[in-house]
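K.L.:
Structure: query_34.pdb, PDB, C-alpha atoms.
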ATOM      1  CA  MET I1270      65.430  74.586 -29.506
ATOM      2  CA  LEU I1271      65.440  76.848 -32.542
ATOM      3  CA  LEU I1272      67.530  79.943 -32.994
ATOM      4  CA  SER I1273      64.382  81.972 -33.616
ATOM      5  CA  ASP I1274      63.186  81.206 -30.054
ATOM      6  CA  ILE I1275      66.242  82.614 -28.306
ATOM      7  CA  LYS I1276      65.863  85.672 -26.081
ATOM      8  CA  LYS I1277      68.165  88.666 -26.102
ATOM      9  CA  GLY I1278      71.455  88.196 -24.290
ATOM     10  CA  MET I1279      71.310  84.410 -24.353
ATOM     11  CA  LYS I1280      74.220  82.346 -25.568
ATOM     12  CA  VAL I1281      73.666  79.198 -27.574
ATOM     13  CA  LYS I1282      75.552  76.962 -29.940
ATOM     14  CA  VAL I1283      74.567  75.429 -33.239
ATOM     15  CA  VAL I1284      73.476  71.797 -33.188
ATOM     16  CA  SER I1285      72.374  71.372 -36.764
ATOM     17  CA  LEU I1286      71.047  73.148 -39.832
ATOM     18  CA  LYS I1287      67.738  72.033 -41.239
ATOM     19  CA  SER I1288      68.001  73.963 -44.471
ATOM     20  CA  THR I1289      69.466  72.364 -47.570
ATOM     21  CA  GLY I1290      71.181  73.390 -50.757
ATOM     22  CA  LEU I1291      72.147  76.985 -51.324
ATOM     23  CA  SER I1292      70.588  78.397 -48.188
ATOM     24  CA  ARG I1293      72.461  75.816 -46.109
ATOM     25  CA  ARG I1294      75.676  76.749 -47.877
ATOM     26  CA  ARG I1295      74.951  80.416 -47.231
ATOM     27  CA  MET I1296      74.408  79.859 -43.508
ATOM     28  CA  MET I1297      77.645  77.910 -43.299
ATOM     29  CA  ASP I1298      79.518  80.670 -45.104
ATOM     30  CA  LEU I1299      78.229  83.095 -42.514
ATOM     31  CA  GLY I1300      79.826  80.975 -39.806
ATOM     32  CA  LEU I1301      76.844  78.898 -38.727
ATOM     33  CA  ILE I1302      78.544  75.552 -38.414
ATOM     34  CA  PRO I1303      78.018  72.939 -35.687
ATOM     35  CA  ASP I1304      79.253  74.096 -32.269
ATOM     36  CA  ALA I1305      79.536  77.727 -33.379
ATOM     37  CA  GLU I1306      78.462  79.991 -30.531
ATOM     38  CA  ILE I1307      75.715  82.507 -31.140
ATOM     39  CA  GLU I1308      74.515  85.381 -29.046
ATOM     40  CA  VAL I1309      71.389  87.447 -29.559
ATOM     41  CA  ILE I1310      72.565  91.022 -29.743
ATOM     42  CA  ARG I1311      69.477  92.950 -30.702
ATOM     43  CA  LYS I1312      65.938  92.310 -31.756
ATOM     44  CA  SER I1313      64.063  94.660 -34.030
ATOM     45  CA  PRO I1314      60.732  95.935 -32.664
ATOM     46  CA  LEU I1315      58.763  93.080 -34.140
ATOM     47  CA  GLY I1316      61.520  90.553 -33.491
ATOM     48  CA  ASP I1317      62.207  90.085 -37.158
ATOM     49  CA  PRO I1318      64.952  90.390 -38.197
ATOM     50  CA  THR I1319      67.241  89.759 -35.253
ATOM     51  CA  ALA I1320      70.925  90.618 -34.995
ATOM     52  CA  TYR I1321      73.110  87.751 -33.881
ATOM     53  CA  GLY I1322      76.731  87.766 -32.883
ATOM     54  CA  ILE I1323      78.452  84.963 -34.745
ATOM     55  CA  LYS I1324      82.196  84.455 -34.661
ATOM     56  CA  GLY I1325      83.021  88.082 -34.126
ATOM     57  CA  ALA I1326      80.551  89.615 -36.551
ATOM     58  CA  GLN I1327      76.962  90.763 -36.332
ATOM     59  CA  ILE I1328      74.655  88.983 -38.695
ATOM     60  CA  ALA I1329      70.965  89.740 -39.075
ATOM     61  CA  LEU I1330      68.700  86.832 -39.853
ATOM     62  CA  ARG I1331      64.996  86.642 -40.526
ATOM     63  CA  ILE I1332      62.748  84.327 -38.567
ATOM     64  CA  GLU I1333      62.366  81.980 -41.506
ATOM     65  CA  GLU I1334      66.139  81.577 -41.613
ATOM     66  CA  ALA I1335      66.671  81.433 -37.857
ATOM     67  CA  SER I1336      63.935  78.840 -37.476
ATOM     68  CA  GLN I1337      65.943  76.490 -39.666
ATOM     69  CA  ILE I1338      68.786  76.415 -37.186
ATOM     70  CA  GLU I1339      68.696  74.099 -34.233
ATOM     71  CA  VAL I1340      70.650  75.268 -31.195
ATOM     72  CA  GLU I1341      71.283  74.367 -27.575
ATOM     73  CA  LYS I1342      72.245  76.343 -24.522
ATOM     74  CA  VAL I1343      75.910  76.847 -23.784
ATOM     75  CA  GLU I1344      77.031  75.778 -20.360
ATOM     76  CA  ARG I1345      79.563  78.299 -19.269
ATOM     77  CA  LYS I1346      82.208  76.542 -17.270
ATOM     78  CA  GLU I1347      85.567  76.680 -18.952
ATOM     79  CA  ARG I1348      85.612  80.370 -19.650
ATOM     80  CA  GLU I1349      85.021  83.445 -17.595
TER
ATOM     81  CA  MET V 381     105.586  82.669 -82.200
ATOM     82  CA  GLY V 382     104.800  84.736 -79.184
ATOM     83  CA  LEU V 383     102.313  83.788 -76.561
ATOM     84  CA  THR V 384      98.931  85.235 -77.269
ATOM     85  CA  CYS V 385      96.309  85.984 -74.703
ATOM     86  CA  GLU V 386      94.388  82.943 -75.781
ATOM     87  CA  SER V 387      97.274  80.570 -75.419
ATOM     88  CA  CYS V 388      98.137  81.600 -71.900
ATOM     89  CA  GLY V 389      94.571  81.128 -70.801
ATOM     90  CA  ARG V 390      94.193  84.737 -69.822
ATOM     91  CA  GLY V 391      92.178  85.583 -72.918
ATOM     92  CA  VAL V 392      89.230  85.377 -70.609
ATOM     93  CA  LEU V 393      90.529  88.419 -68.811
ATOM     94  CA  LYS V 394      90.274  90.453 -71.957
ATOM     95  CA  LYS V 395      87.023  89.077 -73.192
ATOM     96  CA  LYS V 396      85.049  89.022 -70.002
ATOM     97  CA  PHE V 397      86.680  91.506 -67.735
ATOM     98  CA  ASN V 398      87.936  94.005 -70.291
ATOM     99  CA  LEU V 399      91.516  93.666 -69.156
ATOM    100  CA  LYS V 400      94.597  93.717 -71.283
ATOM    101  CA  CYS V 401      97.028  90.904 -70.955
ATOM    102  CA  GLY V 402     100.386  92.473 -71.526
ATOM    103  CA  GLU V 403     103.560  92.698 -69.533
ATOM    104  CA  GLU V 404     101.606  93.430 -66.420
ATOM    105  CA  TYR V 405     101.092  90.991 -63.645
ATOM    106  CA  VAL V 406      97.441  90.657 -62.797
ATOM    107  CA  ILE V 407      96.683  90.510 -59.090
ATOM    108  CA  ALA V 408      93.223  89.854 -57.695
ATOM    109  CA  LEU V 409      92.186  91.265 -54.363
ATOM    110  CA  ALA V 410      89.550  89.195 -52.588
ATOM    111  CA  GLY V 411      88.125  89.131 -49.091
ATOM    112  CA  ASN V 412      85.050  89.266 -46.913
ATOM    113  CA  PRO V 413      83.052  92.489 -46.871
ATOM    114  CA  ASN V 414      84.420  95.177 -44.526
ATOM    115  CA  VAL V 415      87.923  93.885 -44.009
ATOM    116  CA  GLY V 416      89.568  96.918 -45.553
ATOM    117  CA  LYS V 417      90.060  95.493 -49.030
ATOM    118  CA  SER V 418      89.523  98.820 -50.663
ATOM    119  CA  THR V 419      91.889 100.493 -48.200
ATOM    120  CA  VAL V 420      94.579  98.006 -49.155
ATOM    121  CA  PHE V 421      93.722  98.638 -52.786
ATOM    122  CA  ASN V 422      93.943 102.410 -52.411
ATOM    123  CA  GLU V 423      97.177 102.264 -50.448
ATOM    124  CA  LEU V 424      98.842 100.026 -53.011
ATOM    125  CA  THR V 425      97.695 101.917 -56.066
ATOM    126  CA  GLY V 426      97.557 105.423 -54.661
ATOM    127  CA  LEU V 427      94.029 105.756 -55.924
ATOM    128  CA  ARG V 428      91.019 106.882 -54.012
ATOM    129  CA  GLN V 429      88.482 104.408 -55.059
ATOM    130  CA  HIS V 430      85.298 104.614 -53.129
ATOM    131  CA  THR V 431      83.650 101.349 -53.642
ATOM    132  CA  GLY V 432      79.984 101.026 -53.054
ATOM    133  CA  ASN V 433      78.020  98.032 -54.017
ATOM    134  CA  TRP V 434      78.657  95.924 -56.999
ATOM    135  CA  PRO V 435      75.669  95.642 -59.265
ATOM    136  CA  GLY V 436      75.781  92.762 -61.683
ATOM    137  CA  LYS V 437      78.353  92.144 -64.321
ATOM    138  CA  THR V 438      79.877  95.505 -65.074
ATOM    139  CA  VAL V 439      81.347  95.325 -61.625
ATOM    140  CA  VAL V 440      84.923  94.566 -62.378
ATOM    141  CA  ASN V 441      85.968  98.141 -62.763
ATOM    142  CA  ALA V 442      87.885  98.925 -59.617
ATOM    143  CA  ARG V 443      91.372  98.398 -60.845
ATOM    144  CA  GLY V 444      94.615 100.208 -60.515
ATOM    145  CA  ASN V 445      98.304  99.901 -61.197
ATOM    146  CA  TYR V 446     101.426  99.998 -59.173
ATOM    147  CA  ASP V 447     105.066  99.365 -59.851
ATOM    148  CA  TYR V 448     107.376  97.240 -57.811
ATOM    149  CA  LYS V 449     110.978  96.458 -58.709
ATOM    150  CA  ASN V 450     110.384  97.849 -62.198
ATOM    151  CA  MET V 451     107.523  95.478 -62.820
ATOM    152  CA  LYS V 452     104.012  96.586 -63.517
ATOM    153  CA  PHE V 453     101.184  95.190 -61.495
ATOM    154  CA  LEU V 454      97.502  95.472 -62.237
ATOM    155  CA  LEU V 455      95.407  95.189 -59.120
ATOM    156  CA  MET V 456      91.792  94.122 -59.374
ATOM    157  CA  ASP V 457      89.517  94.899 -56.438
ATOM    158  CA  LEU V 458      86.923  92.137 -56.331
ATOM    159  CA  PRO V 459      83.563  92.408 -54.600
ATOM    160  CA  GLY V 460      83.580  91.434 -50.941
ATOM    161  CA  THR V 461      82.247  87.946 -50.415
ATOM    162  CA  TYR V 462      81.991  85.407 -47.657
ATOM    163  CA  SER V 463      82.295  82.577 -50.078
ATOM    164  CA  LEU V 464      83.170  81.666 -53.638
ATOM    165  CA  LEU V 465      80.411  79.157 -53.975
ATOM    166  CA  ALA V 466      78.293  81.417 -56.119
ATOM    167  CA  ASN V 467      75.217  82.229 -54.094
ATOM    168  CA  SER V 468      75.077  85.724 -55.469
ATOM    169  CA  VAL V 469      76.245  87.738 -58.432
ATOM    170  CA  GLU V 470      79.126  89.190 -56.398
ATOM    171  CA  GLU V 471      80.367  85.773 -55.466
ATOM    172  CA  GLN V 472      80.073  84.596 -59.017
ATOM    173  CA  VAL V 473      82.089  87.561 -60.279
ATOM    174  CA  ALA V 474      84.794  86.921 -57.726
ATOM    175  CA  ARG V 475      84.824  83.217 -58.439
ATOM    176  CA  ASP V 476      84.887  83.594 -62.209
ATOM    177  CA  PHE V 477      87.711  86.079 -62.032
ATOM    178  CA  ILE V 478      89.943  83.894 -59.879
ATOM    179  CA  CYS V 479      88.894  80.716 -61.603
ATOM    180  CA  PHE V 480      88.882  81.635 -65.270
ATOM    181  CA  GLY V 481      90.857  84.852 -65.319
ATOM    182  CA  LYS V 482      93.820  83.082 -63.770
ATOM    183  CA  PRO V 483      95.447  86.095 -62.110
ATOM    184  CA  HIS V 484      99.162  85.731 -61.392
ATOM    185  CA  ALA V 485      98.391  85.982 -57.713
ATOM    186  CA  THR V 486      95.317  86.340 -55.546
ATOM    187  CA  VAL V 487      95.532  88.343 -52.352
ATOM    188  CA  VAL V 488      92.934  87.437 -49.754
ATOM    189  CA  VAL V 489      92.487  90.230 -47.239
ATOM    190  CA  VAL V 490      91.263  88.998 -43.871
ATOM    191  CA  ASP V 491      90.130  90.767 -40.711
ATOM    192  CA  ALA V 492      92.464  90.039 -37.806
ATOM    193  CA  THR V 493      89.707  90.715 -35.278
ATOM    194  CA  CYS V 494      87.644  87.792 -36.532
ATOM    195  CA  LEU V 495      90.150  85.611 -38.291
ATOM    196  CA  GLU V 496      88.210  82.394 -38.024
ATOM    197  CA  ARG V 497      85.242  83.458 -40.104
ATOM    198  CA  ASN V 498      87.586  84.909 -42.707
ATOM    199  CA  LEU V 499      89.576  81.729 -43.159
ATOM    200  CA  ASN V 500      86.602  80.087 -44.841
ATOM    201  CA  LEU V 501      87.198  82.217 -47.914
ATOM    202  CA  VAL V 502      90.961  81.692 -47.725
ATOM    203  CA  LEU V 503      90.481  77.930 -47.866
ATOM    204  CA  GLN V 504      88.080  78.250 -50.766
ATOM    205  CA  VAL V 505      90.502  80.405 -52.728
ATOM    206  CA  MET V 506      93.315  77.979 -51.936
ATOM    207  CA  GLU V 507      91.252  75.186 -53.467
ATOM    208  CA  LEU V 508      91.147  77.169 -56.693
ATOM    209  CA  THR V 509      94.727  78.303 -56.960
ATOM    210  CA  ASP V 510      98.095  77.888 -55.293
ATOM    211  CA  ASN V 511      99.157  81.455 -55.961
ATOM    212  CA  VAL V 512      97.646  82.968 -52.861
ATOM    213  CA  VAL V 513      98.935  85.638 -50.498
ATOM    214  CA  VAL V 514      97.007  86.203 -47.278
ATOM    215  CA  CYS V 515      96.941  89.754 -45.930
ATOM    216  CA  VAL V 516      95.914  89.885 -42.278
ATOM    217  CA  ASN V 517      94.604  93.413 -42.000
ATOM    218  CA  LEU V 518      93.423  95.482 -39.022
ATOM    219  CA  ILE V 519      96.125  93.944 -36.895
ATOM    220  CA  ASP V 520      96.187  97.068 -34.704
ATOM    221  CA  GLU V 521      92.506  96.747 -33.893
ATOM    222  CA  ALA V 522      92.979  93.102 -33.058
ATOM    223  CA  GLU V 523      95.811  93.929 -30.680
ATOM    224  CA  ARG V 524      93.641  96.504 -28.995
ATOM    225  CA  LYS V 525      91.142  93.740 -28.415
ATOM    226  CA  GLY V 526      93.867  91.520 -27.004
ATOM    227  CA  ILE V 527      94.097  89.282 -30.061
ATOM    228  CA  PHE V 528      97.616  88.405 -31.130
ATOM    229  CA  ILE V 529      98.120  86.431 -34.289
ATOM    230  CA  ASP V 530     101.071  84.149 -34.853
ATOM    231  CA  ILE V 531     101.752  85.025 -38.483
ATOM    232  CA  ARG V 532     104.553  82.480 -38.875
ATOM    233  CA  GLU V 533     102.393  79.675 -37.567
ATOM    234  CA  LEU V 534      99.483  80.696 -39.777
ATOM    235  CA  GLU V 535     101.828  80.719 -42.736
ATOM    236  CA  SER V 536     103.056  77.212 -42.086
ATOM    237  CA  GLU V 537      99.508  75.948 -41.433
ATOM    238  CA  LEU V 538      98.163  77.384 -44.665
ATOM    239  CA  GLY V 539     101.245  76.853 -46.803
ATOM    240  CA  VAL V 540     100.962  80.284 -48.421
ATOM    241  CA  PRO V 541     102.623  83.627 -47.597
ATOM    242  CA  VAL V 542     100.911  85.562 -44.823
ATOM    243  CA  VAL V 543     101.520  89.267 -44.180
ATOM    244  CA  ALA V 544     100.249  91.375 -41.284
ATOM    245  CA  THR V 545      99.116  94.875 -42.231
ATOM    246  CA  VAL V 546      97.489  98.016 -40.960
ATOM    247  CA  ALA V 547      96.434  99.302 -44.353
ATOM    248  CA  ARG V 548      95.036 102.545 -42.956
ATOM    249  CA  ASP V 549      98.508 103.545 -41.756
ATOM    250  CA  GLY V 550     100.324 101.912 -44.625
ATOM    251  CA  LYS V 551     101.974  99.425 -42.301
ATOM    252  CA  GLY V 552     103.120  96.122 -43.754
ATOM    253  CA  LEU V 553     102.324  97.084 -47.327
ATOM    254  CA  GLU V 554     105.936  97.011 -48.538
ATOM    255  CA  GLU V 555     106.161  93.464 -47.247
ATOM    256  CA  LEU V 556     102.851  92.673 -48.930
ATOM    257  CA  LYS V 557     104.155  93.987 -52.248
ATOM    258  CA  ARG V 558     107.293  91.913 -51.843
ATOM    259  CA  ARG V 559     105.353  88.724 -51.201
ATOM    260  CA  ILE V 560     102.947  89.411 -54.071
ATOM    261  CA  PHE V 561     105.949  89.968 -56.328
ATOM    262  CA  ASN V 562     107.537  86.696 -55.245
ATOM    263  CA  VAL V 563     104.388  84.702 -55.932
ATOM    264  CA  ALA V 564     103.399  86.464 -59.180
ATOM    265  CA  VAL V 565     106.861  86.270 -60.719
ATOM    266  CA  GLY V 566     107.329  82.693 -59.585
ATOM    267  CA  ILE V 567     110.201  83.157 -57.153
ATOM    268  CA  GLN V 568     108.074  81.462 -54.569
ATOM    269  CA  THR V 569     105.558  78.762 -55.409
ATOM    270  CA  PRO V 570     103.235  78.319 -52.467
ATOM    271  CA  SER V 571     102.066  74.820 -51.728
ATOM    272  CA  SER V 572      98.688  75.652 -50.318
ATOM    273  CA  ARG V 573      97.171  73.174 -47.977
ATOM    274  CA  LYS V 574      94.292  71.348 -49.618
ATOM    275  CA  MET V 575      91.242  70.352 -47.679
ATOM    276  CA  LYS V 576      90.621  66.657 -47.219
ATOM    277  CA  TYR V 577      87.002  65.621 -47.171
ATOM    278  CA  SER V 578      85.257  62.583 -45.776
ATOM    279  CA  GLU V 579      86.102  59.245 -47.367
ATOM    280  CA  ARG V 580      82.743  59.138 -49.146
ATOM    281  CA  VAL V 581      83.363  62.489 -50.794
ATOM    282  CA  GLU V 582      86.986  61.669 -51.593
ATOM    283  CA  GLU V 583      85.838  58.450 -53.248
ATOM    284  CA  ALA V 584      83.362  60.342 -55.409
ATOM    285  CA  ILE V 585      86.116  62.794 -56.346
ATOM    286  CA  ARG V 586      88.442  59.972 -57.358
ATOM    287  CA  GLU V 587      85.723  58.599 -59.572
ATOM    288  CA  ILE V 588      84.928  61.740 -61.540
ATOM    289  CA  GLU V 589      88.138  63.769 -61.371
ATOM    290  CA  PRO V 590      89.979  61.967 -64.212
ATOM    291  CA  LYS V 591      86.961  62.314 -66.488
ATOM    292  CA  ILE V 592      86.666  66.009 -65.748
ATOM    293  CA  ASP V 593      90.367  66.479 -66.306
ATOM    294  CA  LYS V 594      90.065  64.885 -69.737
ATOM    295  CA  LEU V 595      87.253  67.281 -70.647
ATOM    296  CA  LEU V 596      88.927  70.414 -69.338
ATOM    297  CA  LYS V 597      92.456  69.554 -70.455
ATOM    298  CA  GLY V 598      94.019  71.178 -67.464
ATOM    299  CA  LYS V 599      92.305  74.509 -67.949
ATOM    300  CA  LEU V 600      90.743  74.325 -64.521
ATOM    301  CA  ASP V 601      91.539  72.478 -61.368
ATOM    302  CA  ALA V 602      89.694  69.191 -61.889
ATOM    303  CA  ARG V 603      89.421  68.428 -58.192
ATOM    304  CA  TRP V 604      87.746  71.739 -57.569
ATOM    305  CA  VAL V 605      85.266  71.261 -60.412
ATOM    306  CA  ALA V 606      84.558  67.762 -59.114
ATOM    307  CA  LEU V 607      83.738  69.205 -55.701
ATOM    308  CA  ARG V 608      81.369  71.743 -57.179
ATOM    309  CA  LEU V 609      79.564  69.047 -59.151
ATOM    310  CA  ILE V 610      79.254  66.907 -56.034
ATOM    311  CA  ASP V 611      77.836  69.997 -54.338
ATOM    312  CA  GLY V 612      75.186  70.073 -57.045
ATOM    313  CA  ASP V 613      76.318  73.519 -58.185
ATOM    314  CA  LYS V 614      74.935  73.965 -61.690
ATOM    315  CA  THR V 615      76.321  77.462 -62.188
ATOM    316  CA  ILE V 616      79.802  76.026 -62.607
ATOM    317  CA  VAL V 617      78.754  74.104 -65.720
ATOM    318  CA  ASP V 618      77.366  77.268 -67.274
ATOM    319  CA  ALA V 619      80.469  79.200 -66.305
ATOM    320  CA  ILE V 620      82.756  76.602 -67.874
ATOM    321  CA  HIS V 621      80.819  76.743 -71.117
ATOM    322  CA  GLU V 622      80.927  80.492 -71.125
ATOM    323  CA  HIS V 623      84.563  81.005 -70.171
ATOM    324  CA  VAL V 624      86.384  77.935 -71.418
ATOM    325  CA  TYR V 625      84.487  77.143 -74.593
ATOM    326  CA  TYR V 626      83.191  80.649 -75.241
ATOM    327  CA  GLU V 627      79.722  79.316 -75.858
ATOM    328  CA  LYS V 628      76.393  80.047 -74.396
ATOM    329  CA  ALA V 629      75.358  77.645 -71.732
ATOM    330  CA  ILE V 630      74.011  74.388 -73.015
ATOM    331  CA  GLU V 631      71.229  72.335 -71.566
ATOM    332  CA  ILE V 632      72.557  69.844 -69.100
ATOM    333  CA  ASP V 633      71.091  66.595 -68.043
ATOM    334  CA  GLY V 634      69.234  67.341 -64.834
ATOM    335  CA  ARG V 635      70.241  64.052 -63.253
ATOM    336  CA  ARG V 636      71.994  64.372 -59.930
TER
END
With the file now loaded, output its structure as structure tokens.
P.N.:
Amino acid sequence: MLLSDIKKGMKVKVVSLKSTGLSRRRMMDLGLIPDAEIEVIRKSPLGDPTAYGIKGAQIALRIEEASQIEVEKVERKERE
Amino acid sequence: MGLTCESCGRGVLKKKFNLKCGEEYVIALAGNPNVGKSTVFNELTGLRQHTGNWPGKTVVNARGNYDYKNMKFLLMDLPGTYSLLANSVEEQVARDFICFGKPHATVVVVDATCLERNLNLVLQVMELTDNVVVCVNLIDEAERKGIFIDIRELESELGVPVVATVARDGKGLEELKRRIFNVAVGIQTPSSRKMKYSERVEEAIREIEPKIDKLLKGKLDARWVALRLIDGDKTIVDAIHEHVYYEKAIEIDGRR
């Protein structure tokens, strides 16, 4: 599952980053590291860009960036 | 035979950042965007600097002075960055200042409400220099959100002084000044915790670090430069030529 496919309000976590080099570094600096939880906060009218909640901050990513990030659904057991 | 700017390695400050190297202690202020860096800056210096965006290289202009215990301190407000790994001009400015300018201390302002994402930058700065003071700002907002930070524990984990502040209300700033003073003057020498990487990376570091050290003659942290080269970061080579040898960048062998 790619981050760009996630619907609003869903919670996922990062599995891996497909990008390399500087853009990979950039994503990691923004907090997109394996197991980091991401939530879709808001989509712009055309769905691009999308605002994600990542480690306490809102980060907007374009589809081309979000589609480089592989995610999986978070099973909510421990918390809540 | 007094120490000149060149001999103490801070000549770069004058040449590249238009700063005098006198009796003042130079303090860099780094941090992620929107953590209240400029508020800390304004509260410490009494200035009202409204910082917008930082375009290109003339950026390093937000600076101010303050006195503490009869010593003069020059505070440099660096552009807000998530990283020092030079993805953008802002990051490069911040990196070059900390790296080549060799400030007497670097204060990293972090946002208490999302500490985790801020610690990335703290660790990166700690790889560059030991003289780090961490300022955990917005502690009141964090408490309102039910986040309580164990400052003592954070301090012992990181190995550098950590101070909690609410810069907007001026809370914790006296303590911050005291800790900056201690680090800048040399009363306290932090032993910042260095990241250990995977064995493969560590092996590569061991291989190239002594060679780099020979080339740089202790002007830069060889381990850090080794890491950047392993990263494939070419900007660091240019920056070294520019700031250490005062030459224009030379062509480097493109082999990786």
K.L.:
Compute the chain I side of the contact with chain V at 9 Å, counting all atoms listed in the file, and hand it back as a list of chain:residue names.
P.N.:
I:Gly1290, I:Leu1291, I:Ser1292, I:Arg1294, I:Arg1295, I:Asp1298, I:Leu1299, I:Gly1300, I:Ile1323, I:Lys1324, I:Gly1325, I:Ala1326
K.L.:
Name every residue that the PyMOL selection byres ((chain I and resi 1285) around 9) selects in this structure, writing the answer as a ChimeraX atom specification with chains first and numbers rising.
P.N.:
/I:1283-1284,1286-1287,1301-1304,1337-1340
K.L.:
Between CA of Ala619 (chain V) and CA of Val488 (chain V), what distance in Å does the model show, to one decimal?
P.N.:
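It comes out at 22.3 Å.
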K.L.:
If you measure from CA of Asn414 (chain V) to CA of Gln1327 (chain I), what distance in Å do you get, rounded to one decimal?
P.N.:
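CA of Gln1327 (chain I) lies at a distance of 11.9 Å from CA of Asn414 (chain V).
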K.L.:
Between CA of Asn511 (chain V) and CA of Lys591 (chain V), measure the distance and give it in Å to one decimal.
P.N.:
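Here the two named atoms are 25.0 Å from each other.
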K.L.:
Considering only C-alpha atoms, return as a ChimeraX atom specification whatever protein or nucleic-acid residues lie within 8 Å of Arg1331 (chain I), sequence-local ones (same chain, fewer than 2 positions apart) excluded.
P.N.:
/I:1317-1319,1329,1333-1335
K.L.:
Keeping only C-alpha atoms, write the selected residues as a PDB file, keeping the file's coordinate frame.
P.N.:
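Generated output (again13.pdb):
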ATOM      1  CA  ASP I1317      62.207  90.085 -37.158  1.00  0.00           C
ATOM      2  CA  PRO I1318      64.952  90.390 -38.197  1.00  0.00           C
ATOM      3  CA  THR I1319      67.241  89.759 -35.253  1.00  0.00           C
ATOM      4  CA  ALA I1329      70.965  89.740 -39.075  1.00  0.00           C
ATOM      5  CA  GLU I1333      62.366  81.980 -41.506  1.00  0.00           C
ATOM      6  CA  GLU I1334      66.139  81.577 -41.613  1.00  0.00           C
ATOM      7  CA  ALA I1335      66.671  81.433 -37.857  1.00  0.00           C
TER       8      ALA I1335
END
K.L.:
Find the spatial neighbours of region 533-536 of chain V, counting all atoms listed in the file, within a cut-off of 12 Å - ignore same-chain residues fewer than 5 positions away - and output them as a list in words.
P.N.:
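Surrounding residues, per the criterion: Ala492, Leu495, Glu496, Leu499, Val502, Val512, Val513, Val514, Cys515, Val516, Phe528, Pro541, Val542, Val543, Ala544, Pro570, Ser571, Ser572 and Arg573 of chain V.
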K.L.:
Tell me which protein, DNA and RNA residues are within 7 Å of region 440-451 of chain V, counting only C-alpha atoms, leaving out same-chain ones fewer than 3 positions away, and put them as a list in words.
P.N.:
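The contact residues come out as Phe397, Leu424, Thr425, Leu454, Leu455, Met456, Asp457 and Leu458 of chain V.
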K.L.:
Keeping C-alpha atoms for every residue in the selection just given, could you write it to a file as an mmCIF file, keeping the file's coordinate frame?
P.N.:
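Contents of part12.cif, freshly written:
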data_model
loop_
_atom_site.group_PDB
_atom_site.id
_atom_site.type_symbol
_atom_site.label_atom_id
_atom_site.label_comp_id
_atom_site.auth_asym_id
_atom_site.auth_seq_id
_atom_site.Cartn_x
_atom_site.Cartn_y
_atom_site.Cartn_z
ATOM 1 C CA PHE V 397 86.680 91.506 -67.735
ATOM 2 C CA LEU V 424 98.842 100.026 -53.011
ATOM 3 C CA THR V 425 97.695 101.917 -56.066
ATOM 4 C CA LEU V 454 97.502 95.472 -62.237
ATOM 5 C CA LEU V 455 95.407 95.189 -59.120
ATOM 6 C CA MET V 456 91.792 94.122 -59.374
ATOM 7 C CA ASP V 457 89.517 94.899 -56.438
ATOM 8 C CA LEU V 458 86.923 92.137 -56.331
#
K.L.:
Would you mind telling me which residue in V:Leu553, V:Ile585, V:Leu595, V:Ala564 lies nearest to Asn422 (chain V) when using all atoms listed in the file?
P.N.:
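Result for the nearest residue to Asn422 (chain V): V:Leu553.
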K.L.:
Choose the residue, out of V:Lys417, V:His484, V:His621, V:Arg532, that has the smallest atom-to-atom separation from Thr569 (chain V); count only C-alpha atoms.
P.N.:
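Of V:Lys417, V:His484, V:His621, V:Arg532, the one nearest Thr569 (chain V) is V:His484, counting only C-alpha atoms.
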